[in-house]
Each structure stands twice: as structure tokens, then as C-alpha cells.
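The structure file data27.cif is reproduced below (mmCIF, C-alpha atoms).
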```
data_data
#
loop_
_atom_site.group_PDB
_atom_site.id
_atom_site.type_symbol
_atom_site.label_atom_id
_atom_site.label_comp_id
_atom_site.auth_asym_id
_atom_site.auth_seq_id
_atom_site.Cartn_x
_atom_site.Cartn_y
_atom_site.Cartn_z
ATOM 1 C CA MET E 1 45.080 -62.561 -15.727
ATOM 2 C CA ARG E 2 45.142 -58.764 -15.904
ATOM 3 C CA ARG E 3 46.832 -57.326 -18.982
ATOM 4 C CA LYS E 4 49.254 -54.452 -18.844
ATOM 5 C CA LEU E 5 47.989 -51.055 -19.921
ATOM 6 C CA PRO E 6 48.902 -49.990 -23.455
ATOM 7 C CA LYS E 7 51.995 -47.818 -23.821
ATOM 8 C CA TYR E 8 51.624 -44.205 -22.572
ATOM 9 C CA VAL E 9 48.317 -45.020 -20.819
ATOM 10 C CA ASN E 10 47.895 -43.936 -17.196
ATOM 11 C CA ALA E 11 45.000 -44.781 -14.917
ATOM 12 C CA TYR E 12 43.529 -43.276 -11.772
ATOM 13 C CA THR E 13 40.257 -43.480 -9.829
ATOM 14 C CA ASP E 14 38.234 -40.264 -9.545
ATOM 15 C CA HIS E 15 36.367 -39.052 -6.458
ATOM 16 C CA THR E 16 33.296 -41.116 -7.389
ATOM 17 C CA GLY E 17 35.330 -44.335 -7.558
ATOM 18 C CA LYS E 18 35.203 -44.550 -11.346
ATOM 19 C CA PRO E 19 38.407 -45.584 -13.153
ATOM 20 C CA ARG E 20 39.730 -43.055 -15.666
ATOM 21 C CA PHE E 21 42.267 -43.666 -18.406
ATOM 22 C CA TYR E 22 44.456 -41.124 -20.215
ATOM 23 C CA LEU E 23 47.100 -41.191 -22.887
ATOM 24 C CA ARG E 24 50.056 -39.227 -21.495
ATOM 25 C CA ARG E 25 53.075 -38.305 -23.583
ATOM 26 C CA ARG E 26 55.782 -35.755 -22.805
ATOM 27 C CA GLY E 27 55.057 -32.369 -24.340
ATOM 28 C CA GLN E 28 51.383 -33.125 -25.010
ATOM 29 C CA ARG E 29 48.180 -32.639 -23.117
ATOM 30 C CA ASN E 30 46.464 -35.719 -21.710
ATOM 31 C CA VAL E 31 43.853 -37.401 -23.912
ATOM 32 C CA ALA E 32 40.906 -39.057 -22.148
ATOM 33 C CA LEU E 33 40.174 -42.589 -23.371
ATOM 34 C CA PRO E 34 36.684 -44.164 -23.207
ATOM 35 C CA ASP E 35 35.557 -47.522 -21.848
ATOM 36 C CA LEU E 36 38.102 -50.048 -20.517
ATOM 37 C CA PRO E 37 41.620 -50.832 -21.801
ATOM 38 C CA TRP E 38 41.786 -53.138 -24.832
ATOM 39 C CA SER E 39 38.072 -52.776 -25.633
ATOM 40 C CA PRO E 40 37.242 -51.785 -29.242
ATOM 41 C CA GLN E 41 36.130 -48.265 -28.236
ATOM 42 C CA PHE E 42 39.227 -47.774 -26.113
ATOM 43 C CA MET E 43 41.657 -48.991 -28.774
ATOM 44 C CA GLU E 44 40.040 -46.873 -31.498
ATOM 45 C CA ALA E 45 40.472 -43.711 -29.415
ATOM 46 C CA TYR E 46 43.952 -44.818 -28.365
ATOM 47 C CA GLU E 47 45.158 -45.318 -31.942
ATOM 48 C CA GLN E 48 43.663 -41.985 -32.986
ATOM 49 C CA ALA E 49 45.397 -40.191 -30.135
ATOM 50 C CA LEU E 50 48.736 -41.791 -31.002
ATOM 51 C CA ALA E 51 48.373 -40.650 -34.610
ATOM 52 C CA THR E 52 47.498 -37.052 -33.721
ATOM 53 C CA PRO E 53 50.467 -34.620 -33.853
ATOM 54 C CA PRO E 54 51.181 -32.837 -30.548
ATOM 55 C CA SER E 55 50.481 -29.396 -32.023
ATOM 56 C CA ALA E 56 47.072 -30.482 -33.286
ATOM 57 C CA ILE E 57 46.164 -31.784 -29.840
ATOM 58 C CA PHE E 58 47.170 -28.581 -28.074
ATOM 59 C CA ASN E 59 45.506 -26.327 -30.627
ATOM 60 C CA ARG E 60 42.149 -27.942 -29.863
ATOM 61 C CA VAL E 61 42.348 -26.731 -26.255
ATOM 62 C CA LYS E 62 40.180 -23.670 -25.732
ATOM 63 C CA GLN E 63 42.246 -20.671 -24.697
ATOM 64 C CA ASP E 64 39.872 -19.716 -21.897
ATOM 65 C CA SER E 65 40.000 -23.169 -20.302
ATOM 66 C CA VAL E 66 41.769 -24.305 -17.157
ATOM 67 C CA GLU E 67 43.724 -26.825 -19.221
ATOM 68 C CA TRP E 68 45.052 -24.109 -21.536
ATOM 69 C CA LEU E 69 46.117 -21.982 -18.564
ATOM 70 C CA VAL E 70 47.920 -24.926 -16.962
ATOM 71 C CA HIS E 71 49.897 -25.668 -20.130
ATOM 72 C CA ASP E 72 50.646 -21.995 -20.654
ATOM 73 C CA TYR E 73 52.056 -21.778 -17.120
ATOM 74 C CA LEU E 74 54.086 -24.985 -17.489
ATOM 75 C CA ALA E 75 55.691 -23.585 -20.649
ATOM 76 C CA SER E 76 56.423 -20.182 -19.084
ATOM 77 C CA GLU E 77 59.753 -18.784 -17.914
ATOM 78 C CA THR E 78 58.142 -18.277 -14.509
ATOM 79 C CA PHE E 79 57.714 -22.035 -14.120
ATOM 80 C CA LYS E 80 61.086 -22.899 -15.670
ATOM 81 C CA ALA E 81 62.860 -20.657 -13.151
ATOM 82 C CA LEU E 82 61.697 -22.867 -10.274
ATOM 83 C CA ALA E 83 63.913 -25.527 -8.731
ATOM 84 C CA ALA E 84 63.690 -28.927 -10.423
ATOM 85 C CA GLU E 85 61.973 -30.612 -7.463
ATOM 86 C CA THR E 86 59.434 -27.779 -7.215
ATOM 87 C CA GLN E 87 58.725 -28.092 -10.931
ATOM 88 C CA ARG E 88 58.152 -31.826 -10.566
ATOM 89 C CA THR E 89 55.724 -31.575 -7.666
ATOM 90 C CA ARG E 90 53.797 -28.625 -9.104
ATOM 91 C CA LYS E 91 53.519 -30.231 -12.514
ATOM 92 C CA ASN E 92 52.007 -33.390 -11.031
ATOM 93 C CA VAL E 93 49.410 -31.358 -9.125
ATOM 94 C CA LEU E 94 48.555 -29.137 -12.096
ATOM 95 C CA LEU E 95 48.196 -31.956 -14.609
ATOM 96 C CA ARG E 96 45.741 -33.669 -12.284
ATOM 97 C CA PHE E 97 43.961 -30.333 -11.813
ATOM 98 C CA ALA E 98 43.715 -30.048 -15.611
ATOM 99 C CA ARG E 99 42.344 -33.582 -15.905
ATOM 100 C CA GLU E 100 39.635 -32.878 -13.339
ATOM 101 C CA HIS E 101 38.672 -29.326 -14.369
ATOM 102 C CA GLY E 102 40.378 -28.732 -17.715
ATOM 103 C CA ALA E 103 37.288 -27.882 -19.781
ATOM 104 C CA LYS E 104 36.085 -25.221 -17.344
ATOM 105 C CA ARG E 105 36.789 -21.527 -17.967
ATOM 106 C CA TYR E 106 39.436 -20.282 -15.596
ATOM 107 C CA ARG E 107 37.996 -16.758 -15.653
ATOM 108 C CA MET E 108 34.839 -18.134 -14.028
ATOM 109 C CA LEU E 109 36.764 -19.601 -11.082
ATOM 110 C CA ARG E 110 35.677 -17.957 -7.839
ATOM 111 C CA ARG E 111 36.881 -18.153 -4.260
ATOM 112 C CA GLU E 112 33.909 -20.331 -3.257
ATOM 113 C CA HIS E 113 34.860 -22.833 -5.980
ATOM 114 C CA VAL E 114 38.423 -23.006 -4.670
ATOM 115 C CA VAL E 115 37.133 -23.538 -1.133
ATOM 116 C CA LEU E 116 34.933 -26.452 -2.277
ATOM 117 C CA MET E 117 37.777 -28.115 -4.186
ATOM 118 C CA PHE E 118 40.160 -27.550 -1.293
ATOM 119 C CA ASN E 119 37.746 -29.003 1.270
ATOM 120 C CA GLU E 120 37.486 -32.193 -0.801
ATOM 121 C CA LYS E 121 41.229 -32.683 -0.320
ATOM 122 C CA LYS E 122 41.516 -31.760 3.362
ATOM 123 C CA VAL E 123 41.271 -35.402 4.415
ATOM 124 C CA LYS E 124 44.896 -35.625 3.296
ATOM 125 C CA ARG E 125 46.217 -32.547 5.045
ATOM 126 C CA PHE E 126 49.636 -32.124 3.450
ATOM 127 C CA ALA E 127 48.348 -32.957 -0.027
ATOM 128 C CA ALA E 128 45.681 -30.277 0.457
ATOM 129 C CA ARG E 129 48.275 -27.696 1.515
ATOM 130 C CA ASN E 130 50.431 -28.498 -1.499
ATOM 131 C CA TRP E 131 47.400 -28.351 -3.812
ATOM 132 C CA LEU E 132 46.377 -24.896 -2.583
ATOM 133 C CA LYS E 133 49.929 -23.568 -2.782
ATOM 134 C CA THR E 134 50.275 -24.843 -6.348
ATOM 135 C CA VAL E 135 46.916 -23.547 -7.586
ATOM 136 C CA HIS E 136 47.721 -20.199 -5.961
ATOM 137 C CA ALA E 137 50.948 -20.059 -8.011
ATOM 138 C CA LEU E 138 48.953 -20.812 -11.170
ATOM 139 C CA MET E 139 46.402 -18.091 -10.447
ATOM 140 C CA GLN E 140 49.095 -15.584 -9.491
ATOM 141 C CA TYR E 141 50.761 -16.274 -12.837
ATOM 142 C CA ALA E 142 47.419 -15.567 -14.545
ATOM 143 C CA VAL E 143 47.144 -12.246 -12.678
ATOM 144 C CA ASP E 144 50.745 -11.282 -13.452
ATOM 145 C CA THR E 145 50.215 -11.947 -17.168
ATOM 146 C CA ASN E 146 46.903 -10.032 -17.269
ATOM 147 C CA LYS E 147 44.785 -13.123 -17.821
ATOM 148 C CA LEU E 148 42.896 -12.602 -14.559
ATOM 149 C CA ALA E 149 41.971 -9.440 -12.686
ATOM 150 C CA GLU E 150 42.280 -11.079 -9.248
ATOM 151 C CA ASP E 151 43.481 -14.298 -7.672
ATOM 152 C CA PRO E 152 40.528 -16.486 -6.519
ATOM 153 C CA THR E 153 42.762 -18.362 -4.058
ATOM 154 C CA ILE E 154 43.369 -15.229 -1.960
ATOM 155 C CA GLY E 155 41.700 -15.576 1.430
ATOM 156 C CA VAL E 156 41.326 -19.374 1.306
ATOM 157 C CA LYS E 157 42.585 -20.513 4.698
ATOM 158 C CA ASN E 158 45.106 -23.306 4.530
ATOM 159 C CA VAL E 159 45.123 -26.197 6.972
ATOM 160 C CA SER E 160 47.804 -26.327 9.611
ATOM 161 C CA GLY E 161 50.881 -28.290 8.658
ATOM 162 C CA GLN E 162 52.315 -28.430 12.159
ATOM 163 C CA THR E 163 53.224 -31.843 13.505
ATOM 164 C CA GLN E 164 55.488 -33.143 16.226
ATOM 165 C CA GLY E 165 57.974 -33.894 13.467
ATOM 166 C CA TYR E 166 60.665 -36.542 13.530
ATOM 167 C CA MET E 167 62.738 -37.222 16.601
ATOM 168 C CA THR E 168 66.206 -35.722 16.366
ATOM 169 C CA TRP E 169 68.839 -38.384 16.966
ATOM 170 C CA LEU E 170 71.144 -37.864 19.901
ATOM 171 C CA GLU E 171 74.531 -39.487 20.438
ATOM 172 C CA PRO E 172 73.067 -42.778 21.820
ATOM 173 C CA GLN E 173 70.949 -43.296 18.686
ATOM 174 C CA ILE E 174 73.859 -42.424 16.397
ATOM 175 C CA GLU E 175 76.195 -44.833 18.167
ATOM 176 C CA GLN E 176 73.550 -47.573 18.103
ATOM 177 C CA TYR E 177 73.229 -47.124 14.326
ATOM 178 C CA ARG E 178 77.014 -47.179 13.883
ATOM 179 C CA ALA E 179 77.215 -50.417 15.887
ATOM 180 C CA ARG E 180 74.585 -51.981 13.613
ATOM 181 C CA HIS E 181 76.186 -50.718 10.364
ATOM 182 C CA PRO E 182 79.994 -50.886 10.509
ATOM 183 C CA ILE E 183 82.524 -49.070 8.340
ATOM 184 C CA GLY E 184 82.444 -50.471 4.812
ATOM 185 C CA THR E 185 78.647 -50.609 4.454
ATOM 186 C CA MET E 186 76.537 -48.210 2.405
ATOM 187 C CA PRO E 187 74.108 -47.478 5.309
ATOM 188 C CA ARG E 188 77.107 -46.338 7.391
ATOM 189 C CA LEU E 189 78.345 -44.154 4.537
ATOM 190 C CA ALA E 190 74.881 -42.601 4.186
ATOM 191 C CA LEU E 191 74.806 -41.765 7.898
ATOM 192 C CA GLU E 192 78.250 -40.171 7.905
ATOM 193 C CA LEU E 193 77.423 -38.192 4.778
ATOM 194 C CA LEU E 194 74.208 -36.783 6.268
ATOM 195 C CA LEU E 195 75.928 -35.949 9.563
ATOM 196 C CA ASN E 196 78.704 -34.199 7.657
ATOM 197 C CA ILE E 197 76.667 -32.004 5.301
ATOM 198 C CA ALA E 198 73.186 -31.792 6.918
ATOM 199 C CA ALA E 199 71.650 -31.565 3.430
ATOM 200 C CA ARG E 200 68.087 -32.098 2.293
ATOM 201 C CA ARG E 201 67.318 -35.658 1.314
ATOM 202 C CA SER E 202 66.690 -34.478 -2.268
ATOM 203 C CA ASP E 203 70.315 -33.257 -2.387
ATOM 204 C CA ALA E 204 71.987 -35.940 -0.292
ATOM 205 C CA HIS E 205 70.825 -38.878 -2.396
ATOM 206 C CA VAL E 206 72.559 -37.540 -5.539
ATOM 207 C CA ILE E 207 75.863 -36.512 -3.954
ATOM 208 C CA GLY E 208 78.717 -38.777 -4.950
ATOM 209 C CA GLN E 209 82.467 -39.055 -5.399
ATOM 210 C CA GLN E 210 82.210 -36.559 -8.264
ATOM 211 C CA HIS E 211 81.392 -33.864 -5.685
ATOM 212 C CA VAL E 212 84.592 -34.418 -3.664
ATOM 213 C CA ALA E 213 87.436 -31.976 -4.313
ATOM 214 C CA ASP E 214 90.440 -31.117 -2.127
ATOM 215 C CA GLY E 215 88.992 -32.785 0.937
ATOM 216 C CA LYS E 216 85.675 -30.971 0.614
ATOM 217 C CA ILE E 217 82.213 -31.796 -0.699
ATOM 218 C CA VAL E 218 81.226 -29.237 -3.316
ATOM 219 C CA TRP E 219 77.680 -29.018 -4.675
ATOM 220 C CA ARG E 220 74.908 -26.611 -5.575
ATOM 221 C CA PRO E 221 71.708 -27.157 -3.527
ATOM 222 C CA SER E 222 68.573 -27.746 -5.555
ATOM 223 C CA LYS E 223 66.462 -25.127 -3.755
ATOM 224 C CA THR E 224 67.710 -22.366 -1.489
ATOM 225 C CA LEU E 225 70.801 -21.290 -3.390
ATOM 226 C CA ARG E 226 69.673 -22.263 -6.865
ATOM 227 C CA SER E 227 68.860 -18.710 -7.965
ATOM 228 C CA THR E 228 72.194 -17.318 -6.767
ATOM 229 C CA GLY E 229 74.245 -20.004 -8.485
ATOM 230 C CA LYS E 230 76.470 -20.374 -5.400
ATOM 231 C CA LEU E 231 78.222 -23.601 -4.518
ATOM 232 C CA LEU E 232 78.523 -25.016 -1.027
ATOM 233 C CA ARG E 233 81.974 -26.208 0.042
ATOM 234 C CA ILE E 234 81.967 -28.285 3.207
ATOM 235 C CA LYS E 235 85.070 -29.863 4.728
ATOM 236 C CA MET E 236 84.834 -33.631 5.054
ATOM 237 C CA LEU E 237 84.956 -34.922 8.618
ATOM 238 C CA PRO E 238 87.355 -37.795 9.425
ATOM 239 C CA SER E 239 84.377 -40.083 10.078
ATOM 240 C CA LEU E 240 83.083 -39.520 6.534
ATOM 241 C CA GLN E 241 86.548 -39.902 5.024
ATOM 242 C CA ALA E 242 86.966 -43.261 6.786
ATOM 243 C CA ALA E 243 83.524 -44.477 5.682
ATOM 244 C CA LEU E 244 84.188 -43.422 2.094
ATOM 245 C CA ALA E 245 87.648 -44.989 1.955
ATOM 246 C CA ALA E 246 86.196 -48.365 3.014
ATOM 247 C CA ILE E 247 83.777 -48.462 0.088
ATOM 248 C CA PRO E 248 85.040 -49.984 -3.211
ATOM 249 C CA LYS E 249 85.891 -47.262 -5.695
ATOM 250 C CA GLU E 250 83.345 -48.460 -8.258
ATOM 251 C CA ALA E 251 80.567 -48.105 -5.674
ATOM 252 C CA ARG E 252 81.375 -44.487 -4.764
ATOM 253 C CA VAL E 253 79.740 -42.780 -7.727
ATOM 254 C CA GLN E 254 76.617 -42.146 -5.683
ATOM 255 C CA MET E 255 77.549 -42.175 -2.027
ATOM 256 C CA ALA E 256 74.202 -41.725 -0.286
ATOM 257 C CA CYS E 257 71.111 -43.880 -0.226
#
```

Here is a file; write its structure as C-alpha cells.
Amino acid sequence: MRRKLPKYVNAYTDHTGKPRFYLRRRGQRNVALPDLPWSPQFMEAYEQALATPPSAIFNRVKQDSVEWLVHDYLASETFKALAAETQRTRKNVLLRFAREHGAKRYRMLRREHVVLMFNEKKVKRFAARNWLKTVHALMQYAVDTNKLAEDPTIGVKNVSGQTQGYMTWLEPQIEQYRARHPIGTMPRLALELLLNIAARRSDAHVIGQQHVADGKIVWRPSKTLRSTGKLLRIKMLPSLQAALAAIPKEARVQMAC
């Protein structure tokens, strides 16, 4: 039977199909671990990594490396000013970028290198677009802080992200859903909430009773209006009020799905 990975250990398969294992702890750079989990070589490196203070780990990173640049950007005010969801997605992309290319010197990165790396990811179109957008932000930060003279991602043509999209529900689809999920159910409450506020999913799923005041839903969106600090105040429709009233009070803390 397969054993669980040791604590803080993450695994992924690289582009050659080889499994890779890293020790990942908040506030520290990833530490590559040799061999397979629970083997003597693996456990020796694992125990050593656990015993190494975070500062000692980071100080060993060369300051002209991709990994150093990634961590410098993640700790910057430029990155911290981004919306929380943007920070999360960019951090995931950049940490993987650091795992794959961390030892390389970022000053040696050229446009042709970016094109090659980008083309490897084009099989997954939207992941490729997000990767290029994120690496561009990293390189632009390096230019803005005088670490690079020019951005090597400039001129790399992105893949089209256009699709037919999702079908917009019309009244027949809405009524069919309401017939399937009557007043008093959480799916019905989720529908009425989304119809009422037309929010992003990332906002809608955290809106709850705590955002209701004087017959309105009051919240600060996570993206568009984040920098302005403005709150949205949207009057609750009767359909949402009825759906909310039918839900037990203890279940209203988080109203959406």
C-alpha cells in the first residue's frame, strides 16, 4: 500500500515524466529532495531541510538566479498590492517557474528562451496565456527595479483565448432550475444570489449574512474596485429575500455555494 508523503513534501511530474519531490514550507524557498520518499537518501535530505532555518535557506540562493528574482518579487510591495486571487494564481505559476529554472541567471534570459518555454505550454492554451502574463509581470518588475535593461517577454505572441463561452441562461432555463430547486434549498439560494448581484464566482462564494445591511448586500469586490477601497451596495430583490428567509439562520453565514 502506498504511504503518504512526509509532512511539507509536494510532488509533481516534470516534462520528461520523472517524479520530483520538494519540501515546501510557507516563507521558505522549495528544497529539492533526492530519490524516492522514505528512502534513506530522501529522509536524510528531508531531515536536513527541516532543520535548516529559513534565512539560511534563502541566503544560499544566488542573487542573479531566477529563483532569487521570483522570491524578491513575491516579497515586494508591487506583488502585495495585487488582489488576493491574483496573488494566489501568480504565486503558483512563479514557484513552479522557480522550480524548473531557478538556478539559471535571469539576466541571461532572452526572448527566444521565453518563446521555447511558452511553446512547451501551448498544448494547454489558457495555462500558457496565464504563464506568459505572469512571467511578463515578473520581468517588468525586474525592469522597473533596474535589475534588467529590457523585458525578454516583449514581442512574444500570446495564444488566442477566445472561445464560444458559456451559454447565458434565459428565462426558461432559470425557471427550470427553480422548479428543480425549490425555496429553502441552498442551490436555490445560490441562484437567487447570483441573479441579484451578478458578481464574480470568487466574490459570490464568500458572501454571507454578514454582508446584509438595511435590505442591501454590501461588499468590496476582490478585483476591480480593490484599489479604490469602494464598497458595492446592491438592493436585495424579493426573490433573494424569500430564498434567504427560508434558510435556517445557522446556515446563512455563507449564503452561496

Exercise. Could you state which residues are captured by the PyMOL selection byres ((chain E and resi 231) around 7) in this file, as number ranges by chain?
Key: E: 218-220, 229-230, 232-233

Given the selection you just returned, output its residues as a file containing C-alpha atoms, formatted as a PDB file, in the frame of the given file.
```pdb
ATOM      1  CA  VAL E 218      81.226 -29.237  -3.316  1.00  0.00           C
ATOM      2  CA  TRP E 219      77.680 -29.018  -4.675  1.00  0.00           C
ATOM      3  CA  ARG E 220      74.908 -26.611  -5.575  1.00  0.00           C
ATOM      4  CA  GLY E 229      74.245 -20.004  -8.485  1.00  0.00           C
ATOM      5  CA  LYS E 230      76.470 -20.374  -5.400  1.00  0.00           C
ATOM      6  CA  LEU E 232      78.523 -25.016  -1.027  1.00  0.00           C
ATOM      7  CA  ARG E 233      81.974 -26.208   0.042  1.00  0.00           C
TER       8      ARG E 233
END
```

Exercise. Translate the PyMOL selection byres ((chain E and resi 65-74) around 6), as applied to the file shown, into an explicit residue set as a list of chain:residue names.
Key: E:Lys62, E:Gln63, E:Asp64, E:Ala75, E:Ser76, E:Phe79, E:Ala98, E:Gly102, E:Ala103, E:Lys104, E:Arg105, E:Tyr106

Quiz prompt | Contact residues around Gln140 of chain E with all atoms listed in the file at 7 Å, ignoring same-chain residues under 4 positions, as a PyMOL selection string | solution = chain E and resi 136+144+151

Picked residues, the PyMOL selection byres ((chain E and resi 155) around 12), expected as a short mmCIF file (atom, residue, chain, number, x, y, z; two decimals) with C-alpha atoms, keeping the file's coordinate frame:
```
data_model
loop_
_atom_site.label_atom_id
_atom_site.label_comp_id
_atom_site.auth_asym_id
_atom_site.auth_seq_id
_atom_site.Cartn_x
_atom_site.Cartn_y
_atom_site.Cartn_z
CA ARG E 110 35.68 -17.96 -7.84
CA ARG E 111 36.88 -18.15 -4.26
CA GLU E 112 33.91 -20.33 -3.26
CA VAL E 114 38.42 -23.01 -4.67
CA VAL E 115 37.13 -23.54 -1.13
CA LEU E 132 46.38 -24.90 -2.58
CA HIS E 136 47.72 -20.20 -5.96
CA GLU E 150 42.28 -11.08 -9.25
CA ASP E 151 43.48 -14.30 -7.67
CA PRO E 152 40.53 -16.49 -6.52
CA THR E 153 42.76 -18.36 -4.06
CA ILE E 154 43.37 -15.23 -1.96
CA VAL E 156 41.33 -19.37 1.31
CA LYS E 157 42.58 -20.51 4.70
CA ASN E 158 45.11 -23.31 4.53
#
```

Quiz prompt | Near-Thr185 of chain E list (9 Å; only C-alpha atoms; drop same-chain fewer than 6 positions) as an MDAnalysis selection string | solution = chainID E and resid 243 246:247

Exercise. Find the residue from E:Pro221, E:Gly184, E:Gly215, E:Gly208 that sits nearest to Pro248 of chain E; use all atoms listed in the file when measuring.
Key: E:Gly184

Can you pull out the residues contacting segment 18-20 of chain E? Cut-off 8 Å, using all atoms listed in the file, and skip same-chain residues under 6 positions away; I want them as a PDB file with C-alpha atoms, in the coordinates of the input.
```
ATOM      1  CA  ALA E  11      45.000 -44.781 -14.917  1.00  0.00           C
ATOM      2  CA  TYR E  12      43.529 -43.276 -11.772  1.00  0.00           C
ATOM      3  CA  ALA E  32      40.906 -39.057 -22.148  1.00  0.00           C
ATOM      4  CA  LEU E  33      40.174 -42.589 -23.371  1.00  0.00           C
TER       5      LEU E  33
END
```

Could you build a table of the residues in segment 102-201 of chain E lying no more than 8 Å from segment 85-97 of chain E, giving for each the nearest pair of atoms and their separation in Å rounded to one decimal place, using all atoms listed in the file, ordered by chain and ascending residue number, as a tab-separated table?
```
residue	atom	partner	partner_atom	distance
E:Gly102	CA	E:Phe97	CA	7.1
E:Trp131	CA	E:Val93	CA	6.4
E:Thr134	CA	E:Arg90	CA	5.9
E:Val135	CA	E:Leu94	CA	7.4
```

So that I can check the surroundings of segment 5-8 of chain E, please list as a CSV table (one decimal) with C-alpha atoms, in the coordinates of the input every protein, DNA and RNA residue that reaches within 7 Å of it, counting all atoms listed in the file and ignoring chain neighbours fewer than 6 positions away.
```csv
chain,number,residue,atom,x,y,z
E,23,LEU,CA,47.1,-41.2,-22.9
E,24,ARG,CA,50.1,-39.2,-21.5
E,25,ARG,CA,53.1,-38.3,-23.6
E,37,PRO,CA,41.6,-50.8,-21.8
```

Excluding Pro238 of chain E and any residue of its chain fewer than 6 positions from it, enumerate the residues within 12 Å of it, using all atoms listed in the file, and give them as a compact mmCIF listing (two decimals) with C-alpha atoms, keeping the file's coordinate frame.
```txt
# COMPACT_ATOMS: atom_id res chain seq x y z
CA GLU E 192 78.25 -40.17 7.90
CA LEU E 193 77.42 -38.19 4.78
CA LEU E 195 75.93 -35.95 9.56
CA ASN E 196 78.70 -34.20 7.66
CA GLY E 215 88.99 -32.78 0.94
CA LYS E 216 85.68 -30.97 0.61
CA LEU E 244 84.19 -43.42 2.09
CA ALA E 245 87.65 -44.99 1.96
```

Quiz prompt | Pairwise distance for atom CA of Asn30 of chain E and atom CA of Lys124 of chain E, rounded to one decimal in Å | solution = 25.1 Å

Report as lines of an AutoDock Vina configuration file the centre and the edge lengths, in Å to one decimal, of the axis-aligned box holding every listed atom of segment 148-155 of chain E, padded by 3 Å on each side.
```
center_x = 42.0
center_y = -13.9
center_z = -6.6
size_x = 9.0
size_y = 14.9
size_z = 22.0
```

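When all atoms listed in the file are used to measure the gap to Lys121 of chain E, the shortest distance among E:Arg180, E:His15, E:Lys235, E:Arg3 belongs to E:His15.
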
Practice problem: In the coordinate frame of the file, compute which residues have an atom within 10 Å of (40.3, -42.8, -27.3) when using only C-alpha atoms, and state them as a PyMOL selection string. | Solution: chain E and resi 21-23+31-35+37+40-50

Kindly export the residues of the current selection with C-alpha atoms, as a compact mmCIF listing (two decimals), keeping the file's coordinate frame.
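Generated file (part-v7.txt):
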```
# COMPACT_ATOMS: atom_id res chain seq x y z
CA PHE E 21 42.27 -43.67 -18.41
CA TYR E 22 44.46 -41.12 -20.22
CA LEU E 23 47.10 -41.19 -22.89
CA VAL E 31 43.85 -37.40 -23.91
CA ALA E 32 40.91 -39.06 -22.15
CA LEU E 33 40.17 -42.59 -23.37
CA PRO E 34 36.68 -44.16 -23.21
CA ASP E 35 35.56 -47.52 -21.85
CA PRO E 37 41.62 -50.83 -21.80
CA PRO E 40 37.24 -51.78 -29.24
CA GLN E 41 36.13 -48.26 -28.24
CA PHE E 42 39.23 -47.77 -26.11
CA MET E 43 41.66 -48.99 -28.77
CA GLU E 44 40.04 -46.87 -31.50
CA ALA E 45 40.47 -43.71 -29.42
CA TYR E 46 43.95 -44.82 -28.36
CA GLU E 47 45.16 -45.32 -31.94
CA GLN E 48 43.66 -41.98 -32.99
CA ALA E 49 45.40 -40.19 -30.14
CA LEU E 50 48.74 -41.79 -31.00
```

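Atom pair atom CA of Arg201 of chain E / atom CA of Tyr141 of chain E: separated by 29.2 Å.
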
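Rounded to one decimal, atom CA of Lys4 of chain E and atom CA of Arg99 of chain E lie 22.2 Å from each other.
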
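With distances restricted to all atoms listed in the file, E:Ile207 is the closest residue to Leu194 of chain E from E:Ala128, E:Leu116, E:Ile207, E:Ala84.
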